[in-house]
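Undergrad: See upload03.txt below, with compact mmCIF, C-alpha atoms.
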```
# COMPACT_ATOMS: atom_id res chain seq x y z
CA MET A 1 -166.61 -28.20 218.88
CA LYS A 2 -165.88 -26.42 222.17
CA HIS A 3 -163.71 -29.36 223.23
CA LEU A 4 -161.80 -29.24 219.94
CA ILE A 5 -161.11 -25.49 220.30
CA THR A 6 -159.98 -26.03 223.89
CA VAL A 7 -157.58 -28.80 222.82
CA ILE A 8 -156.15 -26.68 219.94
CA LEU A 9 -155.64 -23.67 222.25
CA ALA A 10 -153.99 -25.90 224.81
CA LEU A 11 -151.64 -27.29 222.15
CA ILE A 12 -150.77 -23.77 220.88
CA LEU A 13 -150.11 -22.54 224.41
CA THR A 14 -147.94 -25.56 225.10
CA ALA A 15 -145.95 -25.01 221.90
CA CYS A 16 -145.43 -21.30 222.65
CA SER A 17 -144.44 -21.73 226.25
CA THR A 18 -140.77 -21.55 227.26
CA PRO A 19 -139.23 -25.01 227.27
CA THR A 20 -138.15 -26.23 230.68
CA HIS A 21 -134.47 -27.29 230.86
CA VAL A 22 -133.07 -29.35 233.63
CA GLN A 23 -130.07 -27.17 234.59
CA THR A 24 -127.55 -27.36 237.36
CA SER A 25 -127.71 -24.04 239.16
CA GLU A 26 -124.40 -22.16 239.28
CA SER A 27 -124.63 -22.11 243.05
CA GLN A 28 -125.32 -25.83 243.40
CA PRO A 29 -122.46 -28.31 243.81
CA ILE A 30 -121.20 -29.58 240.48
CA SER A 31 -122.19 -33.15 239.74
CA GLY A 32 -119.20 -35.31 238.87
CA ASN A 33 -115.55 -34.88 239.66
CA THR A 34 -114.08 -33.30 236.54
CA VAL A 35 -114.73 -29.81 235.20
CA VAL A 36 -113.16 -28.25 232.12
CA LEU A 37 -112.91 -24.47 232.13
CA THR A 38 -112.03 -22.60 228.94
CA VAL A 39 -110.08 -19.55 230.04
CA TYR A 40 -108.99 -16.62 227.87
CA GLY A 41 -106.02 -14.33 228.49
CA MET A 42 -103.48 -16.73 230.05
CA SER A 43 -100.54 -15.55 228.02
CA CYS A 44 -97.57 -17.19 229.69
CA PRO A 45 -96.59 -19.98 232.11
CA LEU A 46 -96.07 -17.53 235.00
CA CYS A 47 -99.45 -15.86 234.36
CA SER A 48 -101.23 -19.21 234.48
CA ASN A 49 -99.88 -19.77 237.99
CA ASN A 50 -102.22 -16.99 239.14
CA LEU A 51 -105.09 -19.34 238.34
CA ASP A 52 -103.40 -22.28 240.10
CA GLY A 53 -103.20 -20.10 243.21
CA GLN A 54 -106.88 -19.11 243.09
CA LEU A 55 -108.18 -22.65 242.41
CA ASP A 56 -105.99 -24.03 245.22
CA LYS A 57 -107.93 -21.86 247.68
CA ILE A 58 -111.20 -23.70 246.91
CA GLU A 59 -111.89 -26.56 249.27
CA GLY A 60 -112.69 -29.65 247.21
CA VAL A 61 -110.32 -28.89 244.32
CA ASP A 62 -107.84 -31.78 244.19
CA SER A 63 -105.71 -30.87 241.18
CA MET A 64 -105.69 -28.94 237.93
CA ASN A 65 -104.02 -29.15 234.57
CA ILE A 66 -103.62 -26.15 232.29
CA ASP A 67 -103.22 -26.25 228.51
CA LEU A 68 -102.09 -22.73 227.61
CA ASP A 69 -102.53 -23.38 223.89
CA THR A 70 -106.28 -24.00 224.11
CA GLY A 71 -107.01 -22.32 227.43
CA ALA A 72 -108.47 -25.61 228.72
CA VAL A 73 -108.15 -25.92 232.50
CA THR A 74 -109.10 -29.41 233.66
CA VAL A 75 -110.05 -29.32 237.33
CA GLN A 76 -110.21 -32.55 239.30
CA LEU A 77 -112.57 -32.37 242.26
CA ALA A 78 -112.55 -34.47 245.41
CA GLU A 79 -114.76 -37.57 245.58
CA GLU A 80 -117.20 -35.77 247.85
CA HIS A 81 -117.17 -32.03 247.29
CA THR A 82 -119.38 -28.96 247.40
CA VAL A 83 -117.59 -26.98 244.67
CA THR A 84 -119.92 -24.82 242.56
CA GLN A 85 -119.59 -23.26 239.12
CA GLN A 86 -119.82 -19.88 240.85
CA GLN A 87 -116.70 -20.62 242.91
CA LEU A 88 -114.73 -21.69 239.83
CA ALA A 89 -115.89 -18.63 237.87
CA GLY A 90 -114.89 -16.45 240.83
CA ALA A 91 -111.42 -17.99 240.88
CA VAL A 92 -110.90 -17.21 237.18
CA LYS A 93 -112.01 -13.60 237.74
CA ALA A 94 -109.80 -13.21 240.83
CA ALA A 95 -106.84 -14.50 238.80
CA GLY A 96 -107.44 -11.75 236.23
CA PHE A 97 -108.66 -13.83 233.29
CA THR A 98 -111.89 -14.33 231.34
CA LEU A 99 -114.00 -17.47 231.63
CA ALA A 100 -115.23 -18.39 228.15
CA ASP A 101 -116.86 -21.74 228.97
CA ILE A 102 -117.38 -24.20 231.78
CA GLU A 103 -118.31 -27.84 231.31
CA ALA A 104 -118.78 -30.58 233.89
CA LYS A 105 -117.64 -33.99 232.65
CA MET B 1 -89.88 -1.33 232.31
CA GLY B 2 -93.37 -2.08 233.51
CA ALA B 3 -96.28 -4.00 232.04
CA ALA B 4 -100.04 -3.91 232.52
CA THR B 5 -99.97 -7.20 234.39
CA HIS B 6 -101.08 -7.80 237.98
CA PRO B 7 -100.87 -10.73 240.38
CA GLY B 8 -104.18 -12.41 241.21
CA GLN B 9 -106.26 -11.37 244.20
CA GLY B 10 -104.35 -12.05 247.44
CA GLN B 11 -101.22 -13.19 245.57
CA VAL B 12 -97.71 -11.78 245.85
CA TYR B 13 -95.18 -11.35 243.08
CA ALA B 14 -91.54 -10.58 243.90
CA ARG B 15 -88.70 -9.52 241.67
CA ALA B 16 -85.01 -8.88 242.37
CA MET B 17 -82.58 -7.42 239.88
CA VAL B 18 -78.85 -6.69 240.14
CA SER B 19 -77.22 -4.30 237.70
CA SER B 20 -73.64 -3.43 236.92
CA ILE B 21 -73.38 0.14 235.59
CA ASP B 22 -70.23 0.77 233.56
CA SER B 23 -68.58 -1.98 235.65
CA ASP B 24 -67.83 0.38 238.56
CA GLU B 25 -71.27 1.14 239.97
CA TYR B 26 -73.87 -1.36 241.10
CA ARG B 27 -77.58 -1.27 241.72
CA ILE B 28 -79.95 -3.68 243.38
CA HIS B 29 -83.67 -3.34 242.72
CA GLY B 30 -86.32 -5.26 244.66
CA ARG B 31 -90.03 -5.22 243.85
CA ILE B 32 -93.01 -6.70 245.64
CA VAL B 33 -96.48 -6.53 244.12
CA TYR B 34 -99.59 -7.56 246.03
CA GLY B 35 -102.91 -8.20 244.29
CA ILE B 36 -105.53 -6.41 246.42
CA VAL B 37 -108.20 -7.49 243.95
CA SER B 38 -107.65 -8.72 240.40
CA LYS B 39 -107.81 -5.15 239.02
CA LEU B 40 -105.92 -3.34 241.76
CA ALA B 41 -102.38 -4.01 242.95
CA LEU B 42 -100.03 -2.42 245.46
CA GLN B 43 -96.49 -2.18 244.10
CA MET B 44 -93.45 -1.43 246.26
CA ASP B 45 -90.00 -0.87 244.76
CA GLY B 46 -86.72 -0.45 246.59
CA PHE B 47 -83.40 0.56 245.03
CA HIS B 48 -79.91 0.81 246.43
CA GLU B 49 -76.97 2.08 244.39
CA TRP B 50 -73.27 1.81 245.15
CA LEU B 51 -71.82 4.76 243.24
CA ALA B 52 -68.18 5.25 242.21
CA ASP B 53 -67.60 8.90 243.16
CA GLU B 54 -70.60 9.71 245.37
CA PRO B 55 -72.18 8.34 248.54
CA ASP B 56 -74.51 5.34 248.22
CA PHE B 57 -78.07 6.18 247.26
CA SER B 58 -81.33 4.48 248.22
CA THR B 59 -84.90 5.09 247.23
CA GLY B 60 -88.29 3.48 247.61
CA ILE B 61 -91.47 3.88 245.57
CA VAL B 62 -94.97 2.94 246.68
CA ARG B 63 -97.54 2.76 243.90
CA LEU B 64 -101.11 1.67 243.30
CA LYS B 65 -101.84 0.13 239.93
CA TYR B 66 -105.37 -0.12 238.58
CA ARG B 67 -106.36 -1.99 235.42
CA ILE B 68 -108.86 -0.01 233.38
CA ILE B 69 -109.05 -2.17 230.24
CA GLN B 70 -108.94 -5.94 229.88
CA LYS B 71 -109.87 -7.56 226.58
CA ASP B 72 -109.10 -11.27 226.48
CA PHE B 73 -109.81 -12.41 222.94
CA GLY B 74 -108.40 -15.92 222.91
CA PRO B 75 -106.63 -18.44 225.13
CA ILE B 76 -103.36 -16.49 224.87
CA ASN B 77 -104.24 -13.17 223.27
CA THR B 78 -105.05 -10.21 225.44
CA TRP B 79 -104.91 -6.43 225.60
CA ARG B 80 -104.67 -4.69 228.95
CA VAL B 81 -104.24 -1.10 230.12
CA SER B 82 -103.39 -0.01 233.66
CA LEU B 83 -102.90 3.32 235.38
CA ALA B 84 -100.39 3.68 238.20
CA GLY B 85 -99.60 6.43 240.65
CA GLY B 86 -97.40 6.75 243.70
CA VAL B 87 -94.74 8.49 245.71
CA GLU B 88 -90.96 8.04 245.78
CA PHE B 89 -88.97 8.51 248.99
CA PRO B 90 -85.25 8.83 248.19
CA SER B 91 -82.49 8.94 250.81
CA ASP B 92 -81.60 12.50 249.75
CA ASP B 93 -85.13 13.69 250.66
CA ASP B 94 -85.87 14.80 247.10
CA TYR B 95 -89.25 13.06 247.09
CA ALA B 96 -91.06 12.61 243.78
CA ILE B 97 -94.54 11.85 242.50
CA HIS B 98 -95.07 9.21 239.80
CA ALA B 99 -98.00 8.90 237.42
CA ALA B 100 -97.99 6.28 234.68
CA ALA B 101 -100.06 4.54 232.03
CA LEU B 102 -99.06 1.06 230.93
CA THR B 103 -100.33 -1.21 228.20
CA THR B 104 -99.66 -4.84 227.27
CA LEU B 105 -100.73 -6.57 224.07
CA ILE B 106 -100.12 -10.30 223.57
CA LEU B 107 -100.66 -11.79 220.14
CA ASN B 108 -99.63 -15.44 219.97
CA ARG B 109 -95.80 -15.48 220.19
CA HIS B 110 -95.45 -11.68 220.27
CA GLY B 111 -95.84 -9.39 223.24
CA LEU B 112 -95.75 -5.58 223.26
CA ASN B 113 -95.46 -3.36 226.31
CA GLY B 114 -95.78 0.41 226.39
CA GLN B 115 -95.26 2.77 229.30
CA ILE B 116 -95.59 6.50 229.81
CA ASP B 117 -94.31 7.54 233.25
CA TRP B 118 -94.24 11.11 234.57
CA LYS B 119 -91.95 11.77 237.53
CA GLU B 120 -92.32 15.11 239.25
CA ASN B 121 -89.29 15.78 241.44
CA ALA B 122 -89.38 18.20 244.35
CA THR B 123 -86.15 20.00 243.38
CA LEU B 124 -84.48 18.23 240.42
CA SER B 125 -85.69 18.35 236.80
CA ASP B 126 -88.95 16.53 236.19
CA GLU B 127 -88.72 13.42 234.01
CA LEU B 128 -90.91 11.89 231.32
CA MET B 129 -90.16 8.24 230.60
CA LEU B 130 -91.41 6.76 227.34
CA ASN B 131 -90.65 3.06 227.15
CA ALA B 132 -91.63 0.24 224.84
CA ALA B 133 -90.69 -3.43 224.66
CA HIS B 134 -91.17 -6.32 222.28
CA LEU B 135 -91.06 -9.90 223.50
CA TYR B 136 -90.94 -12.91 221.24
CA ARG B 137 -91.48 -16.47 222.43
CA ILE B 138 -88.67 -18.47 220.86
CA HIS B 139 -89.48 -21.78 222.54
CA PRO B 140 -91.85 -23.56 222.56
CA ALA B 141 -93.36 -22.39 219.28
CA ARG B 142 -96.67 -23.69 220.53
CA TYR B 143 -97.79 -24.28 224.12
CA SER B 144 -99.14 -27.65 225.17
CA ILE B 145 -100.42 -29.33 228.32
CA HIS B 146 -96.81 -30.41 228.95
CA THR B 147 -95.37 -26.87 228.82
CA LYS B 148 -93.35 -26.20 231.97
CA GLY B 149 -91.65 -23.01 230.81
CA ALA B 150 -90.91 -20.73 227.87
CA TRP B 151 -87.95 -18.78 226.47
CA TYR B 152 -88.38 -15.24 225.19
CA THR B 153 -86.18 -12.66 223.57
CA GLU B 154 -86.83 -9.13 224.72
CA LEU B 155 -85.93 -5.77 223.22
CA GLU B 156 -86.61 -2.68 225.31
CA TRP B 157 -86.53 0.89 223.97
CA LEU B 158 -86.08 3.23 226.93
CA ASN B 159 -86.30 7.02 226.85
CA THR B 160 -86.00 9.59 229.60
CA ILE B 161 -86.67 13.23 228.76
CA TYR B 162 -85.81 15.86 231.41
CA ASP B 163 -87.62 19.16 231.51
CA ASN B 164 -84.29 21.02 231.22
CA GLY B 165 -83.88 19.60 227.69
CA ASP B 166 -81.59 16.67 228.51
CA TYR B 167 -82.57 13.21 227.32
CA GLU B 168 -81.39 9.61 227.28
CA MET B 169 -82.32 6.97 224.71
CA ASP B 170 -81.24 3.38 225.29
CA LEU B 171 -81.83 -0.05 223.78
CA ALA B 172 -81.78 -3.15 225.96
CA PRO B 173 -81.78 -6.56 224.31
CA GLY B 174 -82.37 -9.44 226.70
CA LEU B 175 -83.33 -13.02 227.28
CA LEU B 176 -86.11 -14.23 229.60
CA TYR B 177 -87.03 -17.71 230.83
CA GLU B 178 -90.41 -18.15 232.48
CA ALA B 179 -91.40 -21.25 234.41
CA ARG B 180 -94.78 -21.76 236.11
CA ARG B 181 -93.70 -20.19 239.38
CA TRP B 182 -90.51 -18.27 238.65
CA ALA B 183 -88.64 -16.46 235.91
CA ALA B 184 -85.05 -15.41 235.23
CA GLU B 185 -83.81 -12.68 232.95
CA ILE B 186 -80.65 -11.01 231.67
CA SER B 187 -80.32 -7.83 229.64
CA LEU B 188 -77.69 -5.40 228.41
CA ARG B 189 -78.74 -1.75 228.23
CA LEU B 190 -76.83 0.36 225.71
CA PRO B 191 -77.11 4.08 224.91
CA ILE B 192 -78.10 5.00 221.36
CA ALA B 193 -78.64 8.75 221.79
CA GLY B 194 -78.73 11.41 224.48
CA ASN B 195 -77.05 14.39 226.04
CA TYR B 196 -77.58 13.61 229.73
CA TYR B 197 -74.28 14.08 231.59
CA ASP B 198 -74.61 10.84 233.59
CA GLN B 199 -75.85 8.48 230.86
CA PRO B 200 -74.06 5.11 231.40
CA ASN B 201 -72.11 3.43 228.60
CA HIS B 202 -73.69 0.11 229.45
CA THR B 203 -75.75 -1.56 232.16
CA LEU B 204 -75.75 -5.32 232.55
CA ALA B 205 -78.71 -6.61 234.56
CA VAL B 206 -79.69 -10.05 235.83
CA GLY B 207 -82.85 -10.78 237.72
CA ILE B 208 -85.27 -13.31 239.09
CA ARG B 209 -89.04 -13.21 239.64
CA TYR B 210 -91.20 -15.38 241.83
CA LEU B 211 -94.96 -15.70 242.17
CA PHE B 212 -96.00 -16.84 245.65
```
Would you mind writing the file's structure down as structure tokens?
TA:
Amino acid sequence: MKHLITVILALILTACSTPTHVQTSESQPISGNTVVLTVYGMSCPLCSNNLDGQLDKIEGVDSMNIDLDTGAVTVQLAEEHTVTQQQLAGAVKAAGFTLADIEAK
Amino acid sequence: MGAATHPGQGQVYARAMVSSIDSDEYRIHGRIVYGIVSKLALQMDGFHEWLADEPDFSTGIVRLKYRIIQKDFGPINTWRVSLAGGVEFPSDDDYAIHAAALTTLILNRHGLNGQIDWKENATLSDELMLNAAHLYRIHPARYSIHTKGAWYTELEWLNTIYDNGDYEMDLAPGLLYEARRWAAEISLRLPIAGNYYDQPNHTLAVGIRYLF
């Protein structure tokens, strides 16, 4: 009986515990070579060039493509890079826009 | 007129504008804006006027511009408010202090700018400028990944009220083309009301902007 109670308690504790996700830390290099940022507030072609300028400063960023209609900024990273999500988020902030989403492809 | 827009951190935005005032006076206006951080910019303006019946006149304004509100609520749509303050150093030594609030609202193809600018002159009448502008993106109707530039119509409503009771009210329709790195504009400023003795009959202005 004691064993059964121990097993039930163990199962309850396991079910209640916070699930462990395997997450890439924002300060770790992004795995893969393509990242899609969703950026809000880029109202015009000239405004979007502010973001080009900030992303260009990051070593390891090869190229970028901006779709003003959706706010999707596709960033191509070098084959071997150390670019982090934090750096990309910082570039969006420094350009004066809002980062709504970031997704490594 | 101004807008609540700033260059990115460490970036420089330059603008040059040439105006013909009543076809016998000319003005050149240069502006350089440096993004200290994304919310704070240093703006420097320089003007030189070739006047018909008076000696040439030059002035420079140094301003700091700080963004206090930024609400980005979609890929294009945004509402921003900035405060600006600075000092003007004219060639006639009648220095002035500027304090302004600026707002910009972008909703899809429409853009609205508003500006309240107080200019306190050392000896001349103080001035309150109340300006508003509407921009409309005429092409492309919808942006895409292939968009290299956009055409806008612009209508500015410009008011200067002097503390001696004089005022000027002008309308300035214009056309603006914006590419990714540069822009070009043309506008014609026309008086619609006012009693200011020196209010021009028309001012034709052409300009270019460049983001470094």
Undergrad: Considering all atoms listed in the file, return as a list in words whatever protein or nucleic-acid residues lie within 6 Å of Ala205 of chain B, sequence-local ones (same chain, fewer than 6 positions apart) excluded.
TA: Val18, Ser19, Ile186 and Ser187 of chain B
Undergrad: Report, in Å to a single decimal, how far apart atom CA of Thr104 of chain B and atom CA of Tyr40 of chain A are.
TA: 15.0 Å
Undergrad: Report the distance between atom CA of Phe47 of chain B and atom CA of Gln11 of chain B in Å, rounded to one decimal place.
TA: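 Going from atom CA of Phe47 of chain B over to atom CA of Gln11 of chain B, I get 22.5 Å.
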Undergrad: Taking 3 positions as the minimum chain separation for residues in the same chain, which residues sit within 8 Å of segment 62-71 of chain A when counting only C-alpha atoms? Answer as number ranges by chain.
TA: A: 37-40, 42-45, 48, 52, 56, 74-78; B: 74-76, 142-147
Undergrad: Generate a file of the selected residues that holds C-alpha atoms, formatted as an mmCIF file, keeping the file's coordinate frame.
TA:
```
data_model
loop_
_atom_site.group_PDB
_atom_site.id
_atom_site.type_symbol
_atom_site.label_atom_id
_atom_site.label_comp_id
_atom_site.auth_asym_id
_atom_site.auth_seq_id
_atom_site.Cartn_x
_atom_site.Cartn_y
_atom_site.Cartn_z
ATOM 1 C CA LEU A 37 -112.910 -24.470 232.130
ATOM 2 C CA THR A 38 -112.030 -22.600 228.940
ATOM 3 C CA VAL A 39 -110.080 -19.550 230.040
ATOM 4 C CA TYR A 40 -108.990 -16.620 227.870
ATOM 5 C CA MET A 42 -103.480 -16.730 230.050
ATOM 6 C CA SER A 43 -100.540 -15.550 228.020
ATOM 7 C CA CYS A 44 -97.570 -17.190 229.690
ATOM 8 C CA PRO A 45 -96.590 -19.980 232.110
ATOM 9 C CA SER A 48 -101.230 -19.210 234.480
ATOM 10 C CA ASP A 52 -103.400 -22.280 240.100
ATOM 11 C CA ASP A 56 -105.990 -24.030 245.220
ATOM 12 C CA THR A 74 -109.100 -29.410 233.660
ATOM 13 C CA VAL A 75 -110.050 -29.320 237.330
ATOM 14 C CA GLN A 76 -110.210 -32.550 239.300
ATOM 15 C CA LEU A 77 -112.570 -32.370 242.260
ATOM 16 C CA ALA A 78 -112.550 -34.470 245.410
ATOM 17 C CA GLY B 74 -108.400 -15.920 222.910
ATOM 18 C CA PRO B 75 -106.630 -18.440 225.130
ATOM 19 C CA ILE B 76 -103.360 -16.490 224.870
ATOM 20 C CA ARG B 142 -96.670 -23.690 220.530
ATOM 21 C CA TYR B 143 -97.790 -24.280 224.120
ATOM 22 C CA SER B 144 -99.140 -27.650 225.170
ATOM 23 C CA ILE B 145 -100.420 -29.330 228.320
ATOM 24 C CA HIS B 146 -96.810 -30.410 228.950
ATOM 25 C CA THR B 147 -95.370 -26.870 228.820
#
```
Undergrad: For a cut-off of 12 Å around (-92.6, 1.6, 227.7), file coordinates, pick out all residues using only C-alpha atoms and list them as a PyMOL selection string.
TA: chain B and resi 1-4+100-104+112-118+128-134+155-160+169-172
Undergrad: Could you save the residues just selected, with C-alpha atoms, as a short mmCIF file (atom, residue, chain, number, x, y, z; two decimals), in the coordinates of the input?
TA:
```cif
data_model
loop_
_atom_site.label_atom_id
_atom_site.label_comp_id
_atom_site.auth_asym_id
_atom_site.auth_seq_id
_atom_site.Cartn_x
_atom_site.Cartn_y
_atom_site.Cartn_z
CA MET B 1 -89.88 -1.33 232.31
CA GLY B 2 -93.37 -2.08 233.51
CA ALA B 3 -96.28 -4.00 232.04
CA ALA B 4 -100.04 -3.91 232.52
CA ALA B 100 -97.99 6.28 234.68
CA ALA B 101 -100.06 4.54 232.03
CA LEU B 102 -99.06 1.06 230.93
CA THR B 103 -100.33 -1.21 228.20
CA THR B 104 -99.66 -4.84 227.27
CA LEU B 112 -95.75 -5.58 223.26
CA ASN B 113 -95.46 -3.36 226.31
CA GLY B 114 -95.78 0.41 226.39
CA GLN B 115 -95.26 2.77 229.30
CA ILE B 116 -95.59 6.50 229.81
CA ASP B 117 -94.31 7.54 233.25
CA TRP B 118 -94.24 11.11 234.57
CA LEU B 128 -90.91 11.89 231.32
CA MET B 129 -90.16 8.24 230.60
CA LEU B 130 -91.41 6.76 227.34
CA ASN B 131 -90.65 3.06 227.15
CA ALA B 132 -91.63 0.24 224.84
CA ALA B 133 -90.69 -3.43 224.66
CA HIS B 134 -91.17 -6.32 222.28
CA LEU B 155 -85.93 -5.77 223.22
CA GLU B 156 -86.61 -2.68 225.31
CA TRP B 157 -86.53 0.89 223.97
CA LEU B 158 -86.08 3.23 226.93
CA ASN B 159 -86.30 7.02 226.85
CA THR B 160 -86.00 9.59 229.60
CA MET B 169 -82.32 6.97 224.71
CA ASP B 170 -81.24 3.38 225.29
CA LEU B 171 -81.83 -0.05 223.78
CA ALA B 172 -81.78 -3.15 225.96
#
```
Undergrad: Ranking A:Ile30, A:Ala89, A:Ala94, A:Val73 by minimum distance to Gly53 of chain A and counting only C-alpha atoms, which one comes first?
TA: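 Comparing A:Ile30, A:Ala89, A:Ala94, A:Val73 against Gly53 of chain A, the winner is A:Ala94.
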Undergrad: Under the rule that only C-alpha atoms are counted, which of B:Glu88, B:Asp94, B:Asp198, B:Glu127 is the nearest residue to Asp163 of chain B?
TA: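 Of B:Glu88, B:Asp94, B:Asp198, B:Glu127, the one nearest Asp163 of chain B, counting only C-alpha atoms, is B:Glu127.
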Undergrad: What's the separation between atom CA of Gly8 of chain B and atom CA of Val33 of chain B, in Å to one decimal place?
TA: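 It comes out at 10.1 Å.
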Undergrad: Show me, as a PyMOL selection string, every residue of chain B with an atom at most 9 Å from chain A, counting all atoms listed in the file.
TA: chain B and resi 5-11+37-39+70-79+106-108+142-150+178-183+210-212
Undergrad: Next, dump the selected residues to file, keeping only C-alpha atoms, as a short mmCIF file (atom, residue, chain, number, x, y, z; two decimals), keeping the file's coordinate frame.
TA:
```
data_model
loop_
_atom_site.label_atom_id
_atom_site.label_comp_id
_atom_site.auth_asym_id
_atom_site.auth_seq_id
_atom_site.Cartn_x
_atom_site.Cartn_y
_atom_site.Cartn_z
CA THR B 5 -99.97 -7.20 234.39
CA HIS B 6 -101.08 -7.80 237.98
CA PRO B 7 -100.87 -10.73 240.38
CA GLY B 8 -104.18 -12.41 241.21
CA GLN B 9 -106.26 -11.37 244.20
CA GLY B 10 -104.35 -12.05 247.44
CA GLN B 11 -101.22 -13.19 245.57
CA VAL B 37 -108.20 -7.49 243.95
CA SER B 38 -107.65 -8.72 240.40
CA LYS B 39 -107.81 -5.15 239.02
CA GLN B 70 -108.94 -5.94 229.88
CA LYS B 71 -109.87 -7.56 226.58
CA ASP B 72 -109.10 -11.27 226.48
CA PHE B 73 -109.81 -12.41 222.94
CA GLY B 74 -108.40 -15.92 222.91
CA PRO B 75 -106.63 -18.44 225.13
CA ILE B 76 -103.36 -16.49 224.87
CA ASN B 77 -104.24 -13.17 223.27
CA THR B 78 -105.05 -10.21 225.44
CA TRP B 79 -104.91 -6.43 225.60
CA ILE B 106 -100.12 -10.30 223.57
CA LEU B 107 -100.66 -11.79 220.14
CA ASN B 108 -99.63 -15.44 219.97
CA ARG B 142 -96.67 -23.69 220.53
CA TYR B 143 -97.79 -24.28 224.12
CA SER B 144 -99.14 -27.65 225.17
CA ILE B 145 -100.42 -29.33 228.32
CA HIS B 146 -96.81 -30.41 228.95
CA THR B 147 -95.37 -26.87 228.82
CA LYS B 148 -93.35 -26.20 231.97
CA GLY B 149 -91.65 -23.01 230.81
CA ALA B 150 -90.91 -20.73 227.87
CA GLU B 178 -90.41 -18.15 232.48
CA ALA B 179 -91.40 -21.25 234.41
CA ARG B 180 -94.78 -21.76 236.11
CA ARG B 181 -93.70 -20.19 239.38
CA TRP B 182 -90.51 -18.27 238.65
CA ALA B 183 -88.64 -16.46 235.91
CA TYR B 210 -91.20 -15.38 241.83
CA LEU B 211 -94.96 -15.70 242.17
CA PHE B 212 -96.00 -16.84 245.65
#
```
Undergrad: Which one is closest to Gln199 of chain B: B:Gly174, B:His98, B:Val62, B:Glu168? Count all atoms listed in the file.
TA: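 Answer, going by the shortest atom-to-atom distance: B:Glu168.
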Undergrad: Taking the point (-92.5, -11.9, 222.4) as given in the file, collect each protein or nucleic acid residue that comes within 7 Å of it, counting only C-alpha atoms, and present the set as a ChimeraX atom specification.
TA: /B:109-111,134-137,152-154
Undergrad: Hey, can you spit out that residue selection with C-alpha atoms as an mmCIF file, keeping the file's coordinate frame?
TA:
```cif
data_model
loop_
_atom_site.group_PDB
_atom_site.id
_atom_site.type_symbol
_atom_site.label_atom_id
_atom_site.label_comp_id
_atom_site.auth_asym_id
_atom_site.auth_seq_id
_atom_site.Cartn_x
_atom_site.Cartn_y
_atom_site.Cartn_z
ATOM 1 C CA ARG B 109 -95.800 -15.480 220.190
ATOM 2 C CA HIS B 110 -95.450 -11.680 220.270
ATOM 3 C CA GLY B 111 -95.840 -9.390 223.240
ATOM 4 C CA HIS B 134 -91.170 -6.320 222.280
ATOM 5 C CA LEU B 135 -91.060 -9.900 223.500
ATOM 6 C CA TYR B 136 -90.940 -12.910 221.240
ATOM 7 C CA ARG B 137 -91.480 -16.470 222.430
ATOM 8 C CA TYR B 152 -88.380 -15.240 225.190
ATOM 9 C CA THR B 153 -86.180 -12.660 223.570
ATOM 10 C CA GLU B 154 -86.830 -9.130 224.720
#
```
Undergrad: With all atoms listed in the file as the atoms that count, which of A:Val36, A:Glu26, A:Ser31, A:Thr82 lies nearest to Ile102 of chain A?
TA: A:Val36
Undergrad: Hey, which of B:Ala99, B:Ile68, B:Ile138, B:Leu188 ends up closest to Ser20 of chain B? Count only C-alpha atoms.
TA: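 Counting only C-alpha atoms, the residue closest to Ser20 of chain B is B:Leu188.
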Undergrad: Just the residues within 12 Å of Ser91 of chain B, please, counting all atoms listed in the file, with nothing from its chain fewer than 4 positions along; format it as a PyMOL selection string.
TA: chain B and resi 46-49+55-61+95-96
